[in-house]
Amino acid sequence: MKTINEFFEFYAQKYASNPMMLENLTGKFVSSTYTEIRERVHLFAAGLLSMGIKKGDRASLIAEGRNDWVVSEIGLLYTGAVNVPLSIKLQDSTDLKFRITHSGSRYVIVSGSQSRKIEGIKKELPTVEKFIYLDPREKYEKNEIYFGEILEKGSTFLEKKPGKLEETW
C-alpha cells in the first residue's frame with residue numbers, strides 16, 4: 001500500500017461488515033460499517049468530480065467530528081484535491097478569511113453548526129466557487145450546495161462514467 005486511498009480500500013474490503021464509525025445522531029450512537037462509509041466516500045468523490053474538481057484543487061473543511069467530516073476528507077483525497085482543515089475553534093473571521101483565501105480554496109465544506117462563521121465572510125472569499133453544506137438548509141444561493149445533492153451527483157457520475165473514479169484515485 002502506497003497511498004491513504006489504497007490503505008482505506010484494503011481495510012474497507014477486509015472489514016466490510018464491521019463497524020467503522022459511530023455517530024450520535026439522535027441521542028444514541030448509530031454504527032456505520034466500512035462498506036457504508038466507503039460507498040459514501042465514493043459517491044462524494046464522484047460528485048465532486050462531476051462538479052469539476054481537479055487534482056491539486058483545494059477545499060477548506062470546517063466541521064465538528066462526524067461521519068461526513070471523514071467522508072469529505074477521504075473523498076477529497078480520492079479526487080486528488082487537497083483538504084485545508086480549519087479548526088472549529090477558529091472564531092475570528094479575519095483568521096478564517098485569511099486561511100481560506102491564502103490556501104486558494106475553490107470549495108468550502110461546512111457543517112450547520114459552523115456555517116454562521118462562513119456566512120459573514122462569503123463575499124470576501126473570491127477564490128471560493130462553491131460552499132458545500134453538510135447539513136440541509138431551507139434555501140441555497142447559486143454558489144451553495146447540499147452535501148446530499150453531491151452524493152446524488154456522484155451516483156449519476158458513477159453510472160455514466162464507470163471506472164473514472166478508480167482511474168482518478
# chains A, B, ... in the order shown; residues from 1 in each chain; ligands from 1
>>> residues_around(residues="segment 51-60 of chain A", least_positions_apart="5", cutoff="12 Å", atoms="only C-alpha atoms", output="short mmCIF file (atom, residue, chain, number, x, y, z; two decimals) with all heavy atoms, in the first residue's frame")
data_model
loop_
_atom_site.label_atom_id
_atom_site.label_comp_id
_atom_site.auth_asym_id
_atom_site.auth_seq_id
_atom_site.Cartn_x
_atom_site.Cartn_y
_atom_site.Cartn_z
N PHE A 44 -19.32 10.81 -2.79
CA PHE A 44 -18.91 12.20 -2.60
C PHE A 44 -17.79 12.57 -3.57
O PHE A 44 -17.86 13.62 -4.23
CB PHE A 44 -18.47 12.44 -1.15
CG PHE A 44 -18.15 13.88 -0.86
CD1 PHE A 44 -19.13 14.85 -0.89
CD2 PHE A 44 -16.86 14.26 -0.55
CE1 PHE A 44 -18.84 16.19 -0.63
CE2 PHE A 44 -16.55 15.59 -0.29
CZ PHE A 44 -17.54 16.55 -0.33
N ALA A 45 -16.80 11.72 -3.69
CA ALA A 45 -15.68 11.99 -4.61
C ALA A 45 -16.19 12.09 -6.04
O ALA A 45 -15.82 13.02 -6.77
CB ALA A 45 -14.62 10.90 -4.49
N ALA A 46 -17.04 11.17 -6.44
CA ALA A 46 -17.59 11.20 -7.80
C ALA A 46 -18.43 12.45 -8.02
O ALA A 46 -18.38 13.06 -9.09
CB ALA A 46 -18.41 9.94 -8.06
N TRP A 69 -17.67 14.39 8.00
CA TRP A 69 -16.37 15.07 8.00
C TRP A 69 -15.32 14.10 7.46
O TRP A 69 -14.52 14.46 6.60
CB TRP A 69 -16.00 15.52 9.42
CG TRP A 69 -14.70 16.25 9.50
CD1 TRP A 69 -14.50 17.60 9.40
CD2 TRP A 69 -13.40 15.68 9.70
NE1 TRP A 69 -13.16 17.89 9.51
CE2 TRP A 69 -12.45 16.72 9.70
CE3 TRP A 69 -12.93 14.37 9.86
CZ2 TRP A 69 -11.09 16.51 9.86
CZ3 TRP A 69 -11.58 14.16 10.02
CH2 TRP A 69 -10.68 15.23 10.02
N SER A 72 -15.90 13.49 3.77
CA SER A 72 -15.40 14.63 3.00
C SER A 72 -13.88 14.58 2.86
O SER A 72 -13.34 14.77 1.77
CB SER A 72 -15.80 15.95 3.66
OG SER A 72 -17.20 16.10 3.69
N GLU A 73 -13.22 14.34 3.96
CA GLU A 73 -11.75 14.29 3.98
C GLU A 73 -11.22 13.22 3.02
O GLU A 73 -10.38 13.50 2.16
CB GLU A 73 -11.27 13.98 5.40
CG GLU A 73 -9.80 13.71 5.53
CD GLU A 73 -9.00 14.96 5.84
OE1 GLU A 73 -9.49 15.82 6.57
OE2 GLU A 73 -7.86 15.05 5.34
N GLY A 75 -12.95 11.59 0.68
CA GLY A 75 -13.46 11.86 -0.67
C GLY A 75 -12.59 12.84 -1.43
O GLY A 75 -12.35 12.68 -2.63
N LEU A 76 -12.13 13.87 -0.74
CA LEU A 76 -11.23 14.84 -1.38
C LEU A 76 -9.95 14.16 -1.84
O LEU A 76 -9.45 14.43 -2.94
CB LEU A 76 -10.90 15.99 -0.42
CG LEU A 76 -12.01 17.01 -0.20
CD1 LEU A 76 -11.70 17.90 1.00
CD2 LEU A 76 -12.24 17.84 -1.45
N LEU A 77 -9.42 13.26 -1.02
CA LEU A 77 -8.20 12.54 -1.40
C LEU A 77 -8.42 11.71 -2.67
O LEU A 77 -7.53 11.61 -3.51
CB LEU A 77 -7.74 11.63 -0.26
CG LEU A 77 -7.26 12.33 1.01
CD1 LEU A 77 -6.94 11.30 2.09
CD2 LEU A 77 -6.06 13.20 0.74
N TYR A 78 -9.60 11.13 -2.80
CA TYR A 78 -9.91 10.32 -3.98
C TYR A 78 -9.94 11.15 -5.25
O TYR A 78 -9.71 10.63 -6.34
CB TYR A 78 -11.25 9.60 -3.80
CG TYR A 78 -11.14 8.27 -3.10
CD1 TYR A 78 -10.69 8.19 -1.79
CD2 TYR A 78 -11.48 7.09 -3.74
CE1 TYR A 78 -10.59 6.98 -1.14
CE2 TYR A 78 -11.38 5.86 -3.10
CZ TYR A 78 -10.93 5.82 -1.80
OH TYR A 78 -10.83 4.61 -1.15
N THR A 79 -10.22 12.44 -5.14
CA THR A 79 -10.25 13.31 -6.32
C THR A 79 -8.87 13.86 -6.65
O THR A 79 -8.69 14.46 -7.70
CB THR A 79 -11.21 14.49 -6.13
OG1 THR A 79 -10.69 15.37 -5.12
CG2 THR A 79 -12.61 14.03 -5.78
N GLY A 80 -7.94 13.72 -5.73
CA GLY A 80 -6.62 14.32 -5.91
C GLY A 80 -6.56 15.75 -5.38
O GLY A 80 -5.55 16.42 -5.50
N ALA A 81 -7.66 16.20 -4.81
CA ALA A 81 -7.71 17.55 -4.24
C ALA A 81 -7.01 17.57 -2.89
O ALA A 81 -6.70 16.53 -2.31
CB ALA A 81 -9.16 18.02 -4.10
N VAL A 82 -6.78 18.78 -2.40
CA VAL A 82 -6.09 18.98 -1.13
C VAL A 82 -7.09 19.50 -0.11
O VAL A 82 -7.77 20.50 -0.36
CB VAL A 82 -4.93 19.99 -1.30
CG1 VAL A 82 -4.25 20.27 0.03
CG2 VAL A 82 -3.95 19.50 -2.34
N ASN A 83 -7.16 18.83 1.03
CA ASN A 83 -8.01 19.31 2.11
C ASN A 83 -7.26 20.38 2.91
O ASN A 83 -6.09 20.21 3.23
CB ASN A 83 -8.40 18.16 3.04
CG ASN A 83 -9.26 18.63 4.19
OD1 ASN A 83 -10.09 19.52 4.04
ND2 ASN A 83 -9.05 18.05 5.35
N VAL A 84 -7.95 21.46 3.20
CA VAL A 84 -7.42 22.51 4.07
C VAL A 84 -8.27 22.47 5.34
O VAL A 84 -9.34 23.06 5.39
CB VAL A 84 -7.52 23.90 3.39
CG1 VAL A 84 -6.98 24.98 4.31
CG2 VAL A 84 -6.80 23.89 2.05
N PRO A 85 -7.81 21.72 6.35
CA PRO A 85 -8.62 21.59 7.56
C PRO A 85 -8.61 22.89 8.37
O PRO A 85 -7.55 23.49 8.57
CB PRO A 85 -7.94 20.45 8.33
CG PRO A 85 -6.54 20.44 7.83
CD PRO A 85 -6.56 20.97 6.43
N LEU A 86 -9.78 23.30 8.79
CA LEU A 86 -9.92 24.50 9.60
C LEU A 86 -10.50 24.10 10.95
O LEU A 86 -11.54 23.44 11.01
CB LEU A 86 -10.84 25.52 8.92
CG LEU A 86 -10.40 25.99 7.54
CD1 LEU A 86 -11.48 26.86 6.90
CD2 LEU A 86 -9.08 26.74 7.61
N SER A 87 -9.84 24.51 12.01
CA SER A 87 -10.29 24.17 13.35
C SER A 87 -11.62 24.85 13.67
O SER A 87 -11.81 26.03 13.35
CB SER A 87 -9.25 24.61 14.38
OG SER A 87 -9.75 24.44 15.69
N ILE A 88 -12.50 24.11 14.32
CA ILE A 88 -13.76 24.71 14.74
C ILE A 88 -13.54 25.74 15.84
O ILE A 88 -14.42 26.53 16.14
CB ILE A 88 -14.79 23.65 15.20
CG1 ILE A 88 -14.26 22.84 16.39
CG2 ILE A 88 -15.18 22.74 14.03
CD1 ILE A 88 -15.28 21.93 17.02
N LEU A 96 -10.22 33.07 9.59
CA LEU A 96 -10.86 32.16 8.63
C LEU A 96 -10.68 32.66 7.20
O LEU A 96 -10.31 31.89 6.30
CB LEU A 96 -12.35 32.03 8.94
CG LEU A 96 -12.73 31.05 10.03
CD1 LEU A 96 -14.20 31.18 10.39
CD2 LEU A 96 -12.40 29.63 9.63
N LYS A 97 -10.95 33.93 6.99
CA LYS A 97 -10.82 34.51 5.66
C LYS A 97 -9.39 34.36 5.14
O LYS A 97 -9.17 33.96 4.00
CB LYS A 97 -11.23 35.98 5.71
CG LYS A 97 -11.27 36.64 4.35
CD LYS A 97 -11.87 38.04 4.43
CE LYS A 97 -10.87 38.98 5.05
NZ LYS A 97 -11.26 40.38 4.99
N PHE A 98 -8.41 34.64 6.00
CA PHE A 98 -7.01 34.51 5.59
C PHE A 98 -6.68 33.08 5.18
O PHE A 98 -6.07 32.86 4.13
CB PHE A 98 -6.07 34.95 6.73
CG PHE A 98 -4.62 34.69 6.41
CD1 PHE A 98 -3.91 35.54 5.58
CD2 PHE A 98 -3.98 33.56 6.92
CE1 PHE A 98 -2.57 35.28 5.26
CE2 PHE A 98 -2.65 33.30 6.61
CZ PHE A 98 -1.95 34.16 5.78
N ARG A 99 -7.07 32.12 5.98
CA ARG A 99 -6.72 30.72 5.70
C ARG A 99 -7.38 30.20 4.42
O ARG A 99 -6.77 29.49 3.63
CB ARG A 99 -7.08 29.84 6.89
CG ARG A 99 -6.18 30.14 8.08
CD ARG A 99 -6.72 29.54 9.36
NE ARG A 99 -6.06 30.15 10.50
CZ ARG A 99 -5.38 29.48 11.41
NH1 ARG A 99 -5.26 28.18 11.31
NH2 ARG A 99 -4.83 30.12 12.41
N ILE A 100 -8.64 30.56 4.23
CA ILE A 100 -9.35 30.12 3.04
C ILE A 100 -8.77 30.78 1.79
O ILE A 100 -8.50 30.13 0.78
CB ILE A 100 -10.87 30.38 3.18
CG1 ILE A 100 -11.45 29.52 4.30
CG2 ILE A 100 -11.59 30.12 1.85
CD1 ILE A 100 -12.86 29.90 4.73
N THR A 101 -8.57 32.08 1.87
CA THR A 101 -8.04 32.82 0.72
C THR A 101 -6.59 32.44 0.43
O THR A 101 -6.24 32.17 -0.72
CB THR A 101 -8.14 34.35 0.97
OG1 THR A 101 -9.51 34.67 1.23
CG2 THR A 101 -7.66 35.14 -0.22
N HIS A 102 -5.77 32.41 1.47
CA HIS A 102 -4.35 32.10 1.29
C HIS A 102 -4.13 30.70 0.73
O HIS A 102 -3.20 30.47 -0.04
CB HIS A 102 -3.62 32.26 2.64
CG HIS A 102 -2.14 32.09 2.55
ND1 HIS A 102 -1.33 33.01 1.92
CD2 HIS A 102 -1.33 31.10 3.00
CE1 HIS A 102 -0.07 32.59 2.00
NE2 HIS A 102 -0.05 31.44 2.63
N SER A 103 -5.01 29.77 1.08
CA SER A 103 -4.88 28.40 0.57
C SER A 103 -5.33 28.29 -0.88
O SER A 103 -5.03 27.30 -1.54
CB SER A 103 -5.70 27.44 1.43
OG SER A 103 -7.08 27.65 1.24
N GLY A 104 -6.09 29.27 -1.36
CA GLY A 104 -6.62 29.20 -2.72
C GLY A 104 -7.77 28.21 -2.84
O GLY A 104 -8.02 27.67 -3.92
N SER A 105 -8.49 28.00 -1.75
CA SER A 105 -9.60 27.04 -1.76
C SER A 105 -10.68 27.43 -2.77
O SER A 105 -11.15 28.57 -2.78
CB SER A 105 -10.24 26.93 -0.37
OG SER A 105 -9.37 26.29 0.52
N ARG A 106 -11.05 26.47 -3.61
CA ARG A 106 -12.16 26.65 -4.55
C ARG A 106 -13.49 26.27 -3.91
O ARG A 106 -14.54 26.67 -4.39
CB ARG A 106 -11.97 25.77 -5.79
CG ARG A 106 -10.87 26.22 -6.73
CD ARG A 106 -10.78 25.33 -7.95
NE ARG A 106 -12.03 25.31 -8.69
CZ ARG A 106 -12.37 24.34 -9.55
NH1 ARG A 106 -11.56 23.31 -9.76
NH2 ARG A 106 -13.51 24.39 -10.19
N TYR A 107 -13.41 25.45 -2.86
CA TYR A 107 -14.61 24.96 -2.19
C TYR A 107 -14.44 25.15 -0.69
O TYR A 107 -13.33 25.09 -0.18
CB TYR A 107 -14.82 23.46 -2.46
CG TYR A 107 -14.92 23.13 -3.93
CD1 TYR A 107 -13.79 22.85 -4.68
CD2 TYR A 107 -16.16 23.10 -4.56
CE1 TYR A 107 -13.88 22.56 -6.03
CE2 TYR A 107 -16.25 22.80 -5.92
CZ TYR A 107 -15.11 22.53 -6.64
OH TYR A 107 -15.20 22.24 -7.97
N VAL A 108 -15.57 25.35 -0.01
CA VAL A 108 -15.60 25.33 1.45
C VAL A 108 -16.67 24.34 1.84
O VAL A 108 -17.82 24.45 1.40
CB VAL A 108 -15.90 26.73 2.06
CG1 VAL A 108 -16.13 26.62 3.56
CG2 VAL A 108 -14.77 27.70 1.76
N ILE A 109 -16.28 23.36 2.63
CA ILE A 109 -17.22 22.36 3.15
C ILE A 109 -17.46 22.73 4.61
O ILE A 109 -16.51 22.86 5.39
CB ILE A 109 -16.64 20.94 3.04
CG1 ILE A 109 -16.27 20.64 1.58
CG2 ILE A 109 -17.63 19.91 3.58
CD1 ILE A 109 -15.41 19.40 1.39
N VAL A 110 -18.72 22.90 4.99
CA VAL A 110 -19.03 23.42 6.31
C VAL A 110 -20.26 22.72 6.90
O VAL A 110 -21.21 22.42 6.19
CB VAL A 110 -19.22 24.96 6.26
CG1 VAL A 110 -20.38 25.34 5.35
CG2 VAL A 110 -19.39 25.56 7.63
N SER A 111 -20.20 22.47 8.21
CA SER A 111 -21.35 21.90 8.90
C SER A 111 -22.31 23.02 9.29
O SER A 111 -21.93 24.20 9.32
CB SER A 111 -20.90 21.14 10.15
OG SER A 111 -20.35 22.04 11.10
N ILE A 118 -18.91 31.23 8.39
CA ILE A 118 -18.64 31.40 6.96
C ILE A 118 -19.59 32.43 6.35
O ILE A 118 -19.20 33.20 5.49
CB ILE A 118 -18.76 30.04 6.23
CG1 ILE A 118 -17.71 29.05 6.76
CG2 ILE A 118 -18.64 30.21 4.73
CD1 ILE A 118 -16.28 29.48 6.59
N LEU A 125 -14.48 36.09 -0.10
CA LEU A 125 -13.71 34.88 -0.46
C LEU A 125 -13.74 34.69 -1.98
O LEU A 125 -14.49 33.85 -2.50
CB LEU A 125 -14.28 33.66 0.26
CG LEU A 125 -14.29 33.73 1.79
CD1 LEU A 125 -15.07 32.56 2.38
CD2 LEU A 125 -12.87 33.78 2.33
N THR A 127 -11.83 33.30 -4.19
CA THR A 127 -11.41 32.05 -4.82
C THR A 127 -12.45 30.94 -4.67
O THR A 127 -12.37 29.93 -5.37
CB THR A 127 -10.06 31.54 -4.23
OG1 THR A 127 -10.23 31.29 -2.84
CG2 THR A 127 -8.96 32.56 -4.47
N VAL A 128 -13.40 31.11 -3.75
CA VAL A 128 -14.37 30.05 -3.47
C VAL A 128 -15.49 30.07 -4.50
O VAL A 128 -16.18 31.07 -4.68
CB VAL A 128 -14.94 30.18 -2.04
CG1 VAL A 128 -16.01 29.11 -1.79
CG2 VAL A 128 -13.83 30.08 -1.01
N GLU A 129 -15.65 28.93 -5.18
CA GLU A 129 -16.69 28.78 -6.18
C GLU A 129 -17.96 28.15 -5.61
O GLU A 129 -19.06 28.44 -6.07
CB GLU A 129 -16.19 27.91 -7.33
CG GLU A 129 -15.01 28.54 -8.06
CD GLU A 129 -14.35 27.59 -9.04
OE1 GLU A 129 -14.99 26.60 -9.47
OE2 GLU A 129 -13.18 27.83 -9.38
N LYS A 130 -17.79 27.25 -4.63
CA LYS A 130 -18.94 26.55 -4.05
C LYS A 130 -18.77 26.40 -2.55
O LYS A 130 -17.69 26.10 -2.05
CB LYS A 130 -19.09 25.14 -4.63
CG LYS A 130 -19.75 25.06 -5.96
CD LYS A 130 -21.25 25.24 -5.87
CE LYS A 130 -21.87 24.96 -7.22
NZ LYS A 130 -23.04 25.73 -7.48
N PHE A 131 -19.88 26.58 -1.86
CA PHE A 131 -19.97 26.32 -0.43
C PHE A 131 -20.82 25.06 -0.28
O PHE A 131 -21.97 25.03 -0.74
CB PHE A 131 -20.60 27.50 0.31
CG PHE A 131 -19.74 28.73 0.25
CD1 PHE A 131 -19.87 29.63 -0.80
CD2 PHE A 131 -18.79 28.97 1.23
CE1 PHE A 131 -19.07 30.77 -0.87
CE2 PHE A 131 -17.98 30.11 1.16
CZ PHE A 131 -18.12 31.00 0.11
N ILE A 132 -20.23 24.04 0.30
CA ILE A 132 -20.89 22.74 0.45
C ILE A 132 -21.33 22.60 1.91
O ILE A 132 -20.50 22.64 2.81
CB ILE A 132 -19.93 21.59 0.07
CG1 ILE A 132 -19.49 21.75 -1.39
CG2 ILE A 132 -20.58 20.23 0.32
CD1 ILE A 132 -18.30 20.89 -1.78
N TYR A 133 -22.63 22.44 2.10
CA TYR A 133 -23.19 22.34 3.45
C TYR A 133 -23.46 20.89 3.80
O TYR A 133 -24.20 20.20 3.09
CB TYR A 133 -24.48 23.17 3.54
CG TYR A 133 -24.20 24.65 3.50
CD1 TYR A 133 -24.17 25.33 2.29
CD2 TYR A 133 -23.92 25.35 4.66
CE1 TYR A 133 -23.88 26.69 2.25
CE2 TYR A 133 -23.63 26.71 4.62
CZ TYR A 133 -23.62 27.37 3.41
OH TYR A 133 -23.33 28.71 3.38
N ASN A 143 -24.19 29.72 -5.42
CA ASN A 143 -22.88 29.13 -5.15
C ASN A 143 -22.88 28.20 -3.92
O ASN A 143 -21.84 27.94 -3.35
CB ASN A 143 -21.82 30.22 -5.00
CG ASN A 143 -22.09 31.13 -3.80
OD1 ASN A 143 -23.18 31.13 -3.24
ND2 ASN A 143 -21.10 31.89 -3.42
N ILE A 145 -24.44 24.42 -2.17
CA ILE A 145 -24.99 23.10 -2.49
C ILE A 145 -25.00 22.25 -1.22
O ILE A 145 -24.12 22.37 -0.37
CB ILE A 145 -24.19 22.42 -3.64
CG1 ILE A 145 -24.90 21.16 -4.12
CG2 ILE A 145 -22.75 22.15 -3.22
CD1 ILE A 145 -24.34 20.60 -5.43
N GLU A 149 -26.88 16.43 -2.15
CA GLU A 149 -27.01 16.63 -3.59
C GLU A 149 -25.73 16.19 -4.30
O GLU A 149 -25.77 15.66 -5.41
CB GLU A 149 -27.32 18.09 -3.90
CG GLU A 149 -27.66 18.34 -5.35
CD GLU A 149 -28.05 19.77 -5.65
OE1 GLU A 149 -28.50 20.49 -4.73
OE2 GLU A 149 -27.89 20.17 -6.82
N ILE A 150 -24.60 16.39 -3.65
CA ILE A 150 -23.33 15.94 -4.24
C ILE A 150 -23.29 14.42 -4.30
O ILE A 150 -22.82 13.85 -5.28
CB ILE A 150 -22.13 16.51 -3.47
CG1 ILE A 150 -22.10 18.04 -3.62
CG2 ILE A 150 -20.81 15.90 -3.95
CD1 ILE A 150 -21.03 18.74 -2.84
N LEU A 151 -23.82 13.75 -3.26
CA LEU A 151 -23.89 12.29 -3.29
C LEU A 151 -24.75 11.82 -4.46
O LEU A 151 -24.41 10.85 -5.15
CB LEU A 151 -24.44 11.75 -1.98
CG LEU A 151 -23.64 12.05 -0.70
CD1 LEU A 151 -24.33 11.44 0.51
CD2 LEU A 151 -22.21 11.57 -0.80
N GLU A 152 -25.87 12.52 -4.71
CA GLU A 152 -26.73 12.17 -5.85
C GLU A 152 -26.00 12.38 -7.17
O GLU A 152 -26.09 11.54 -8.07
CB GLU A 152 -28.01 13.01 -5.82
CG GLU A 152 -28.94 12.63 -4.69
CD GLU A 152 -30.13 13.59 -4.55
OE1 GLU A 152 -30.42 14.34 -5.52
OE2 GLU A 152 -30.76 13.56 -3.49
N LYS A 153 -25.29 13.49 -7.29
CA LYS A 153 -24.48 13.75 -8.50
C LYS A 153 -23.44 12.64 -8.67
O LYS A 153 -23.15 12.22 -9.78
CB LYS A 153 -23.78 15.11 -8.41
CG LYS A 153 -24.68 16.31 -8.58
CD LYS A 153 -23.86 17.58 -8.39
CE LYS A 153 -24.67 18.82 -8.58
NZ LYS A 153 -24.97 19.10 -9.98
N GLY A 154 -22.89 12.19 -7.55
CA GLY A 154 -21.89 11.12 -7.59
C GLY A 154 -22.47 9.83 -8.11
O GLY A 154 -21.83 9.12 -8.90
N THR A 156 -24.98 9.47 -10.19
CA THR A 156 -25.15 9.65 -11.63
C THR A 156 -23.81 9.56 -12.36
O THR A 156 -23.70 8.90 -13.41
CB THR A 156 -25.82 11.01 -11.93
OG1 THR A 156 -27.09 11.05 -11.25
CG2 THR A 156 -26.03 11.23 -13.41
N PHE A 157 -22.79 10.20 -11.81
CA PHE A 157 -21.45 10.19 -12.40
C PHE A 157 -20.92 8.76 -12.50
O PHE A 157 -20.37 8.36 -13.53
CB PHE A 157 -20.51 11.05 -11.55
CG PHE A 157 -19.11 11.16 -12.07
CD1 PHE A 157 -18.77 12.16 -12.97
CD2 PHE A 157 -18.11 10.28 -11.66
CE1 PHE A 157 -17.48 12.29 -13.45
CE2 PHE A 157 -16.82 10.40 -12.13
CZ PHE A 157 -16.50 11.40 -13.03
N LEU A 165 -13.73 7.08 -11.47
CA LEU A 165 -13.29 7.37 -10.11
C LEU A 165 -12.02 6.58 -9.78
O LEU A 165 -11.05 7.15 -9.29
CB LEU A 165 -14.38 7.07 -9.08
CG LEU A 165 -13.98 7.30 -7.62
CD1 LEU A 165 -13.62 8.76 -7.36
CD2 LEU A 165 -15.10 6.86 -6.68
N THR A 168 -9.08 7.99 -11.43
CA THR A 168 -8.65 9.25 -10.82
C THR A 168 -7.84 9.04 -9.56
O THR A 168 -6.77 9.62 -9.39
CB THR A 168 -9.89 10.14 -10.50
OG1 THR A 168 -10.60 10.39 -11.72
CG2 THR A 168 -9.46 11.46 -9.87
N TRP A 169 -8.30 8.17 -8.69
CA TRP A 169 -7.54 8.00 -7.44
C TRP A 169 -6.40 7.04 -7.59
O TRP A 169 -5.45 7.05 -6.88
CB TRP A 169 -8.43 7.65 -6.24
CG TRP A 169 -9.05 6.29 -6.18
CD1 TRP A 169 -10.31 5.95 -6.57
CD2 TRP A 169 -8.47 5.08 -5.66
NE1 TRP A 169 -10.54 4.63 -6.34
CE2 TRP A 169 -9.42 4.06 -5.77
CE3 TRP A 169 -7.22 4.76 -5.14
CZ2 TRP A 169 -9.19 2.76 -5.37
CZ3 TRP A 169 -6.99 3.44 -4.75
CH2 TRP A 169 -7.95 2.48 -4.85
#
>>> select_by_dssp(residues="chain A", states="alpha helix (DSSP H)", output="ChimeraX atom specification")
/A:4-14,34-50,67-79,93-103,115-119,147-160,164-168
>>> residues_around(residues="segment 4-14 of chain A", least_positions_apart="3", cutoff="7 Å", atoms="only C-alpha atoms", output="PyMOL selection string")
chain A and resi 1+34-35+38+78
>>> select_by_dssp(residues="segment 75-144 of chain A", states="strand (DSSP E or B)", output="mmCIF file with N, CA, C and O atoms, in the first residue's frame")
data_model
loop_
_atom_site.group_PDB
_atom_site.id
_atom_site.type_symbol
_atom_site.label_atom_id
_atom_site.label_comp_id
_atom_site.auth_asym_id
_atom_site.auth_seq_id
_atom_site.Cartn_x
_atom_site.Cartn_y
_atom_site.Cartn_z
ATOM 1 N N VAL A 82 -6.779 18.778 -2.395
ATOM 2 C CA VAL A 82 -6.087 18.976 -1.126
ATOM 3 C C VAL A 82 -7.086 19.503 -0.107
ATOM 4 O O VAL A 82 -7.772 20.499 -0.358
ATOM 5 N N ASN A 83 -7.159 18.834 1.029
ATOM 6 C CA ASN A 83 -8.013 19.312 2.111
ATOM 7 C C ASN A 83 -7.259 20.378 2.905
ATOM 8 O O ASN A 83 -6.089 20.206 3.232
ATOM 9 N N VAL A 84 -7.955 21.461 3.204
ATOM 10 C CA VAL A 84 -7.423 22.513 4.068
ATOM 11 C C VAL A 84 -8.267 22.471 5.339
ATOM 12 O O VAL A 84 -9.345 23.059 5.393
ATOM 13 N N PRO A 85 -7.811 21.716 6.347
ATOM 14 C CA PRO A 85 -8.622 21.592 7.561
ATOM 15 C C PRO A 85 -8.609 22.888 8.368
ATOM 16 O O PRO A 85 -7.553 23.487 8.575
ATOM 17 N N TYR A 107 -13.413 25.454 -2.863
ATOM 18 C CA TYR A 107 -14.610 24.963 -2.192
ATOM 19 C C TYR A 107 -14.441 25.154 -0.691
ATOM 20 O O TYR A 107 -13.327 25.091 -0.177
ATOM 21 N N VAL A 108 -15.571 25.354 -0.008
ATOM 22 C CA VAL A 108 -15.595 25.334 1.447
ATOM 23 C C VAL A 108 -16.673 24.342 1.840
ATOM 24 O O VAL A 108 -17.819 24.452 1.401
ATOM 25 N N ILE A 109 -16.280 23.355 2.635
ATOM 26 C CA ILE A 109 -17.217 22.364 3.155
ATOM 27 C C ILE A 109 -17.456 22.732 4.612
ATOM 28 O O ILE A 109 -16.506 22.861 5.389
ATOM 29 N N VAL A 110 -18.717 22.896 4.988
ATOM 30 C CA VAL A 110 -19.030 23.418 6.314
ATOM 31 C C VAL A 110 -20.257 22.724 6.903
ATOM 32 O O VAL A 110 -21.213 22.422 6.193
ATOM 33 N N LYS A 130 -17.791 27.249 -4.626
ATOM 34 C CA LYS A 130 -18.938 26.554 -4.052
ATOM 35 C C LYS A 130 -18.775 26.397 -2.549
ATOM 36 O O LYS A 130 -17.689 26.096 -2.046
ATOM 37 N N PHE A 131 -19.885 26.581 -1.856
ATOM 38 C CA PHE A 131 -19.970 26.315 -0.431
ATOM 39 C C PHE A 131 -20.819 25.065 -0.284
ATOM 40 O O PHE A 131 -21.973 25.027 -0.738
ATOM 41 N N ILE A 132 -20.235 24.036 0.299
ATOM 42 C CA ILE A 132 -20.894 22.737 0.449
ATOM 43 C C ILE A 132 -21.334 22.600 1.906
ATOM 44 O O ILE A 132 -20.503 22.644 2.811
ATOM 45 N N TYR A 133 -22.632 22.435 2.104
ATOM 46 C CA TYR A 133 -23.193 22.343 3.448
ATOM 47 C C TYR A 133 -23.464 20.886 3.805
ATOM 48 O O TYR A 133 -24.199 20.198 3.091
ATOM 49 N N GLU A 144 -24.050 27.707 -3.564
ATOM 50 C CA GLU A 144 -24.182 26.801 -2.416
ATOM 51 C C GLU A 144 -24.811 25.488 -2.863
ATOM 52 O O GLU A 144 -25.621 25.458 -3.792
#
>>> residues_around(residues="Ser113 of chain A", least_positions_apart="5", cutoff="10 Å", atoms="only C-alpha atoms", output="list in words")
Ile62, Ala63, Glu64, Ile88, Leu134 and Asp135 of chain A
>>> write_last_selection(atoms="N, CA, C and O atoms", output="short mmCIF file (atom, residue, chain, number, x, y, z; two decimals), in the first residue's frame")
data_model
loop_
_atom_site.label_atom_id
_atom_site.label_comp_id
_atom_site.auth_asym_id
_atom_site.auth_seq_id
_atom_site.Cartn_x
_atom_site.Cartn_y
_atom_site.Cartn_z
N ILE A 62 -14.50 22.87 7.47
CA ILE A 62 -14.71 23.28 8.85
C ILE A 62 -15.99 22.62 9.36
O ILE A 62 -17.10 22.95 8.93
N ALA A 63 -15.80 21.64 10.23
CA ALA A 63 -16.92 20.89 10.79
C ALA A 63 -16.44 20.17 12.04
O ALA A 63 -15.27 19.85 12.17
N GLU A 64 -17.38 19.91 12.90
CA GLU A 64 -17.07 19.12 14.08
C GLU A 64 -16.86 17.67 13.65
O GLU A 64 -17.24 17.29 12.54
N ILE A 88 -12.50 24.11 14.32
CA ILE A 88 -13.76 24.71 14.74
C ILE A 88 -13.54 25.74 15.84
O ILE A 88 -14.42 26.53 16.14
N LEU A 134 -22.87 20.43 4.90
CA LEU A 134 -23.07 19.06 5.34
C LEU A 134 -24.49 18.84 5.87
O LEU A 134 -24.98 17.71 5.86
N ASP A 135 -25.12 19.90 6.33
CA ASP A 135 -26.48 19.82 6.87
C ASP A 135 -27.43 20.57 5.94
O ASP A 135 -27.06 21.60 5.37
#
>>> closest_residue(among="A:Tyr15, A:Lys122, A:Asn67, A:Gln91", to="Ile37 of chain A", atoms="only C-alpha atoms")
A:Asn67
>>> atom_distance(atom1="atom CA of Leu61 of chain A", atom2="atom CA of Ser115 of chain A")
11.0 Å
>>> closest_residue(among="A:Pro126, A:Gly47, A:Gly163, A:Gly65", to="Phe147 of chain A", atoms="only C-alpha atoms")
A:Gly47
>>> atom_distance(atom1="atom CA of Gln114 of chain A", atom2="atom CA of Glu138 of chain A")
16.1 Å
>>> atom_distance(atom1="atom CA of Lys28 of chain A", atom2="atom CA of Val70 of chain A")
19.4 Å
